[in-house]
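J.: The structure follows.
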Amino acid sequence: MTTHRLEIRVYYEDTDFSGVVYHASYLRFMERGRTEMIRALGIGQRELFDGETALGFAVRRMLIDFLRPAVMDDLLTIETACVEARGATMDLEQRVLRGAEVLVTAQVKVACIGAGRARRIPDVLRKRLMLDD
C-alpha cells in the first residue's frame with residue numbers, strides 16, 4: 001500500500017473564532033490529499049475530467065475521528081493510502097498529523113462517477129493505486 005503525504009499550513013480562514021481548525025476544514029485538507037495522491041500517480045484531474053469519458057470522484061462514506069485540535073500556523077501532513085480499489089469504488093485511509101502527533105483519522109469510500117452514474121475506475125489508475133511502497 002502506497003502512502004502519499006501532503007503538507008498544508010493552517011491559515012486564519014481554516015479556523016473558528018478561537019484560532020482552532022474548524023472541523024469542516026479537515027474535509028478540505030483530506031480532499032486535497034486525495035487529489036494530490038492521484039496527481040502523484042501521474043494522472044491529472046483535468047485528464048480525468050475532460051472529454052467524452054469524463055470521470056470524477058465523489059465521497060460515498062466517511063468515518064472520521066477527531067483526536068486533537070490543530071491551530072493557526074500549524075504545519076500539517078495529510079497522509080492518504082488506498083486500501084482497496086475495485087469496481088467503481090476506492091477505500092482509503094487518511095490521517096492528519098502535526099509532526100508525529102495524529103490529529104484526525106478517516107476511513108473514506110470514494111465512488112468513481114461519469115455522466116452522473118457509477119463508472120469503473122480506469123485500469124491504469126487502479127494498478128497505480130495498488131502498488132506497494
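By convention here, the chains of the C-alpha cells are called A, B, ... in the order presented, each chain's residues are numbered starting at 1, and ligands are numbered starting at 1 in the order presented.
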Name the residues in contact with region 36-42 of chain A at a cut-off of 10 Å, using only C-alpha atoms, excluding same-chain residues fewer than 5 positions from it; report them as an NGL selection string.

T.: :A and (2-6 or 30-31 or 47 or 79-82 or 124-125 or 127-129)

J.: What's around region 54-70 of chain A at 10 Å? Count only C-alpha atoms, leave out sequence neighbours fewer than 4 positions away in its own chain, and write the answer as a PyMOL selection string.

T.: chain A and resi 10+14-15+19-23+26-27+31+34-35+45-50+74-76+88-98+101-122

J.: Could you save those same residues with C-alpha atoms as an mmCIF file, in the first residue's frame?

T.:
```
data_model
loop_
_atom_site.group_PDB
_atom_site.id
_atom_site.type_symbol
_atom_site.label_atom_id
_atom_site.label_comp_id
_atom_site.auth_asym_id
_atom_site.auth_seq_id
_atom_site.Cartn_x
_atom_site.Cartn_y
_atom_site.Cartn_z
ATOM 1 C CA VAL A 10 -3.205 26.153 8.683
ATOM 2 C CA ASP A 14 -9.265 27.427 8.269
ATOM 3 C CA THR A 15 -10.052 28.255 11.895
ATOM 4 C CA GLY A 19 -7.981 30.007 16.247
ATOM 5 C CA VAL A 20 -8.702 26.249 16.315
ATOM 6 C CA VAL A 21 -9.175 24.476 12.984
ATOM 7 C CA TYR A 22 -12.888 24.287 12.146
ATOM 8 C CA HIS A 23 -13.974 20.660 11.697
ATOM 9 C CA TYR A 26 -10.226 18.903 7.704
ATOM 10 C CA LEU A 27 -12.553 17.692 4.935
ATOM 11 C CA GLU A 31 -9.820 16.271 -0.333
ATOM 12 C CA ARG A 34 -6.749 12.560 -2.269
ATOM 13 C CA THR A 35 -6.391 14.833 -5.299
ATOM 14 C CA GLN A 45 -7.562 15.949 -12.575
ATOM 15 C CA ARG A 46 -8.036 17.655 -15.945
ATOM 16 C CA GLU A 47 -7.071 14.416 -17.703
ATOM 17 C CA LEU A 48 -9.862 12.559 -15.884
ATOM 18 C CA PHE A 49 -12.391 15.373 -16.086
ATOM 19 C CA ASP A 50 -12.148 16.344 -19.778
ATOM 20 C CA ASP A 74 0.460 24.610 12.325
ATOM 21 C CA LEU A 75 2.152 22.682 9.544
ATOM 22 C CA LEU A 76 0.100 19.551 8.957
ATOM 23 C CA ALA A 88 -16.235 1.787 -9.154
ATOM 24 C CA THR A 89 -15.002 2.384 -5.586
ATOM 25 C CA MET A 90 -11.821 3.024 -3.651
ATOM 26 C CA ASP A 91 -11.353 2.538 0.078
ATOM 27 C CA LEU A 92 -8.851 4.979 1.510
ATOM 28 C CA GLU A 93 -7.298 5.637 4.888
ATOM 29 C CA GLN A 94 -6.317 9.196 5.724
ATOM 30 C CA ARG A 95 -4.551 10.770 8.658
ATOM 31 C CA VAL A 96 -3.844 14.379 9.559
ATOM 32 C CA LEU A 97 -0.653 14.789 11.565
ATOM 33 C CA ARG A 98 1.245 17.591 13.248
ATOM 34 C CA GLU A 101 1.120 13.514 16.524
ATOM 35 C CA VAL A 102 -2.038 12.096 14.909
ATOM 36 C CA LEU A 103 -4.827 14.703 14.981
ATOM 37 C CA VAL A 104 -7.505 13.172 12.730
ATOM 38 C CA THR A 105 -8.085 9.757 11.175
ATOM 39 C CA ALA A 106 -10.587 8.915 8.451
ATOM 40 C CA GLN A 107 -11.805 5.894 6.544
ATOM 41 C CA VAL A 108 -13.124 7.043 3.182
ATOM 42 C CA LYS A 109 -15.049 5.263 0.425
ATOM 43 C CA VAL A 110 -14.899 7.153 -2.858
ATOM 44 C CA ALA A 111 -17.013 6.343 -5.920
ATOM 45 C CA CYS A 112 -15.837 6.942 -9.464
ATOM 46 C CA ILE A 113 -18.602 8.631 -11.453
ATOM 47 C CA GLY A 114 -19.175 9.746 -15.021
ATOM 48 C CA ALA A 115 -22.260 11.258 -16.610
ATOM 49 C CA GLY A 116 -23.996 11.057 -13.246
ATOM 50 C CA ARG A 117 -23.502 7.289 -12.873
ATOM 51 C CA ALA A 118 -21.010 4.946 -11.257
ATOM 52 C CA ARG A 119 -18.126 4.044 -13.583
ATOM 53 C CA ARG A 120 -15.310 1.551 -13.225
ATOM 54 C CA ILE A 121 -12.063 3.047 -12.009
ATOM 55 C CA PRO A 122 -9.742 3.163 -15.044
#
```

J.: May I ask which of the residues A:Arg126, A:Asp73, A:Gly99, A:Tyr12 is the closest one to Gly87 (chain A), counting only C-alpha atoms?

T.: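 Of A:Arg126, A:Asp73, A:Gly99, A:Tyr12, the one nearest Gly87 (chain A) is A:Arg126, counting only C-alpha atoms.
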
J.: Could you pull out all residues of chain A with a DSSP call of strand (DSSP E or B) and give them as a tab-separated table (two decimals) with N, CA and C atoms, in the first residue's frame?

T.:
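Okay, states.tsv is ready:
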```
chain	number	residue	atom	x	y	z
A	3	THR	N	1.59	5.18	0.49
A	3	THR	CA	1.06	6.29	1.27
A	3	THR	C	1.59	7.59	0.68
A	4	HIS	N	0.67	8.47	0.34
A	4	HIS	CA	1.03	9.80	-0.18
A	4	HIS	C	0.99	10.79	0.97
A	5	ARG	N	1.92	11.74	0.98
A	5	ARG	CA	1.98	12.77	2.02
A	5	ARG	C	1.93	14.15	1.39
A	6	LEU	N	1.11	15.01	1.98
A	6	LEU	CA	0.96	16.40	1.53
A	6	LEU	C	1.04	17.31	2.74
A	7	GLU	N	1.90	18.32	2.68
A	7	GLU	CA	1.99	19.29	3.76
A	7	GLU	C	1.06	20.47	3.49
A	8	ILE	N	0.35	20.88	4.54
A	8	ILE	CA	-0.59	22.00	4.45
A	8	ILE	C	-0.39	22.88	5.68
A	9	ARG	N	-0.31	24.17	5.44
A	9	ARG	CA	-0.22	25.14	6.54
A	9	ARG	C	-1.63	25.57	6.92
A	15	THR	N	-9.77	28.35	10.46
A	15	THR	CA	-10.05	28.25	11.89
A	15	THR	C	-11.39	28.88	12.27
A	20	VAL	N	-8.77	27.70	16.46
A	20	VAL	CA	-8.70	26.25	16.31
A	20	VAL	C	-9.28	25.88	14.95
A	21	VAL	N	-8.69	24.89	14.30
A	21	VAL	CA	-9.18	24.48	12.98
A	21	VAL	C	-10.63	24.02	13.08
A	56	GLY	N	-15.08	11.65	-12.42
A	56	GLY	CA	-14.80	12.38	-11.19
A	56	GLY	C	-14.95	11.43	-10.02
A	57	PHE	N	-14.67	11.93	-8.84
A	57	PHE	CA	-14.78	11.10	-7.65
A	57	PHE	C	-15.68	11.79	-6.64
A	58	ALA	N	-16.54	11.02	-6.02
A	58	ALA	CA	-17.46	11.54	-5.01
A	58	ALA	C	-17.31	10.71	-3.75
A	59	VAL	N	-17.23	11.39	-2.62
A	59	VAL	CA	-17.16	10.68	-1.35
A	59	VAL	C	-18.52	10.04	-1.09
A	60	ARG	N	-18.49	8.74	-0.90
A	60	ARG	CA	-19.73	8.00	-0.63
A	60	ARG	C	-19.94	7.80	0.86
A	61	ARG	N	-18.84	7.59	1.57
A	61	ARG	CA	-18.92	7.37	3.01
A	61	ARG	C	-17.61	7.83	3.63
A	62	MET	N	-17.71	8.40	4.85
A	62	MET	CA	-16.52	8.84	5.56
A	62	MET	C	-16.75	8.66	7.05
A	63	LEU	N	-15.82	7.99	7.71
A	63	LEU	CA	-15.84	7.84	9.16
A	63	LEU	C	-14.63	8.59	9.68
A	64	ILE	N	-14.86	9.60	10.51
A	64	ILE	CA	-13.79	10.48	10.97
A	64	ILE	C	-13.70	10.45	12.49
A	65	ASP	N	-12.47	10.39	12.97
A	65	ASP	CA	-12.20	10.56	14.40
A	65	ASP	C	-11.35	11.80	14.56
A	66	PHE	N	-11.88	12.77	15.29
A	66	PHE	CA	-11.15	14.00	15.61
A	66	PHE	C	-10.49	13.76	16.97
A	71	VAL	N	-4.16	24.21	15.22
A	71	VAL	CA	-4.37	25.64	15.40
A	71	VAL	C	-3.67	26.41	14.28
A	75	LEU	N	1.84	23.35	10.80
A	75	LEU	CA	2.15	22.68	9.54
A	75	LEU	C	1.68	21.25	9.69
A	76	LEU	N	0.71	20.87	8.87
A	76	LEU	CA	0.10	19.55	8.96
A	76	LEU	C	0.55	18.68	7.80
A	77	THR	N	0.57	17.40	8.02
A	77	THR	CA	0.83	16.43	6.96
A	77	THR	C	-0.45	15.61	6.79
A	78	ILE	N	-0.92	15.56	5.55
A	78	ILE	CA	-2.09	14.76	5.21
A	78	ILE	C	-1.58	13.48	4.56
A	79	GLU	N	-1.82	12.35	5.21
A	79	GLU	CA	-1.43	11.07	4.65
A	79	GLU	C	-2.64	10.41	4.03
A	80	THR	N	-2.46	9.88	2.83
A	80	THR	CA	-3.55	9.20	2.11
A	80	THR	C	-3.02	7.89	1.57
A	81	ALA	N	-3.72	6.80	1.86
A	81	ALA	CA	-3.33	5.49	1.36
A	81	ALA	C	-4.56	4.77	0.83
A	82	CYS	N	-4.42	4.18	-0.34
A	82	CYS	CA	-5.50	3.38	-0.91
A	82	CYS	C	-5.39	1.96	-0.36
A	83	VAL	N	-6.46	1.52	0.30
A	83	VAL	CA	-6.50	0.19	0.89
A	83	VAL	C	-7.01	-0.82	-0.13
A	84	GLU	N	-8.00	-0.39	-0.93
A	84	GLU	CA	-8.59	-1.27	-1.93
A	84	GLU	C	-9.20	-0.43	-3.05
A	85	ALA	N	-9.06	-0.92	-4.27
A	85	ALA	CA	-9.68	-0.28	-5.43
A	85	ALA	C	-10.28	-1.38	-6.29
A	86	ARG	N	-11.62	-1.39	-6.32
A	86	ARG	CA	-12.29	-2.42	-7.14
A	86	ARG	C	-13.58	-1.85	-7.69
A	89	THR	N	-15.31	1.74	-6.87
A	89	THR	CA	-15.00	2.38	-5.59
A	89	THR	C	-13.57	2.16	-5.14
A	90	MET	N	-13.12	3.10	-4.31
A	90	MET	CA	-11.82	3.02	-3.65
A	90	MET	C	-12.06	3.17	-2.16
A	91	ASP	N	-11.37	2.37	-1.38
A	91	ASP	CA	-11.35	2.54	0.08
A	91	ASP	C	-10.00	3.13	0.44
A	92	LEU	N	-10.06	4.24	1.15
A	92	LEU	CA	-8.85	4.98	1.51
A	92	LEU	C	-8.77	5.15	3.01
A	93	GLU	N	-7.54	5.25	3.51
A	93	GLU	CA	-7.30	5.64	4.89
A	93	GLU	C	-6.54	6.95	4.85
A	94	GLN	N	-6.98	7.90	5.67
A	94	GLN	CA	-6.32	9.20	5.72
A	94	GLN	C	-6.02	9.57	7.17
A	95	ARG	N	-4.91	10.25	7.35
A	95	ARG	CA	-4.55	10.77	8.66
A	95	ARG	C	-4.07	12.20	8.49
A	96	VAL	N	-4.36	13.02	9.49
A	96	VAL	CA	-3.84	14.38	9.56
A	96	VAL	C	-2.91	14.41	10.76
A	97	LEU	N	-1.66	14.79	10.51
A	97	LEU	CA	-0.65	14.79	11.57
A	97	LEU	C	-0.03	16.17	11.74
A	98	ARG	N	0.39	16.43	12.95
A	98	ARG	CA	1.25	17.59	13.25
A	98	ARG	C	2.52	16.97	13.78
A	101	GLU	N	2.38	13.57	15.79
A	101	GLU	CA	1.12	13.51	16.52
A	101	GLU	C	-0.07	13.38	15.57
A	102	VAL	N	-0.86	12.32	15.74
A	102	VAL	CA	-2.04	12.10	14.91
A	102	VAL	C	-3.19	12.94	15.45
A	103	LEU	N	-3.73	13.82	14.58
A	103	LEU	CA	-4.83	14.70	14.98
A	103	LEU	C	-6.19	14.18	14.53
A	104	VAL	N	-6.25	13.63	13.32
A	104	VAL	CA	-7.50	13.17	12.73
A	104	VAL	C	-7.23	11.90	11.94
A	105	THR	N	-8.14	10.94	12.03
A	105	THR	CA	-8.08	9.76	11.18
A	105	THR	C	-9.41	9.65	10.44
A	106	ALA	N	-9.36	9.07	9.23
A	106	ALA	CA	-10.59	8.91	8.45
A	106	ALA	C	-10.50	7.67	7.58
A	107	GLN	N	-11.62	6.97	7.50
A	107	GLN	CA	-11.80	5.89	6.54
A	107	GLN	C	-12.78	6.44	5.51
A	108	VAL	N	-12.36	6.38	4.24
A	108	VAL	CA	-13.12	7.04	3.18
A	108	VAL	C	-13.43	6.06	2.06
A	109	LYS	N	-14.67	6.03	1.62
A	109	LYS	CA	-15.05	5.26	0.43
A	109	LYS	C	-15.40	6.30	-0.63
A	110	VAL	N	-14.72	6.21	-1.76
A	110	VAL	CA	-14.90	7.15	-2.86
A	110	VAL	C	-15.43	6.39	-4.06
A	111	ALA	N	-16.45	6.95	-4.72
A	111	ALA	CA	-17.01	6.34	-5.92
A	111	ALA	C	-16.53	7.10	-7.15
A	112	CYS	N	-16.20	6.36	-8.18
A	112	CYS	CA	-15.84	6.94	-9.46
A	112	CYS	C	-17.14	7.14	-10.24
A	113	ILE	N	-17.36	8.35	-10.73
A	113	ILE	CA	-18.60	8.63	-11.45
A	113	ILE	C	-18.32	9.32	-12.78
A	114	GLY	N	-19.22	9.10	-13.72
A	114	GLY	CA	-19.18	9.75	-15.02
A	114	GLY	C	-20.58	9.87	-15.55
A	117	ARG	N	-23.36	8.70	-13.24
A	117	ARG	CA	-23.50	7.29	-12.87
A	117	ARG	C	-22.17	6.72	-12.42
A	118	ALA	N	-22.23	5.64	-11.67
A	118	ALA	CA	-21.01	4.95	-11.26
A	118	ALA	C	-20.29	4.41	-12.50
```

J.: Write out as JSON, numbers by chain all residues of chain A that DSSP puts in alpha helix (DSSP H) for this structure's backbone.

T.: {"A": [23, 24, 25, 26, 27, 28, 29, 30, 31, 32, 33, 34, 35, 36, 37, 38, 39, 40, 45, 46, 47, 48, 49, 123, 124, 125, 126, 127, 128, 129]}
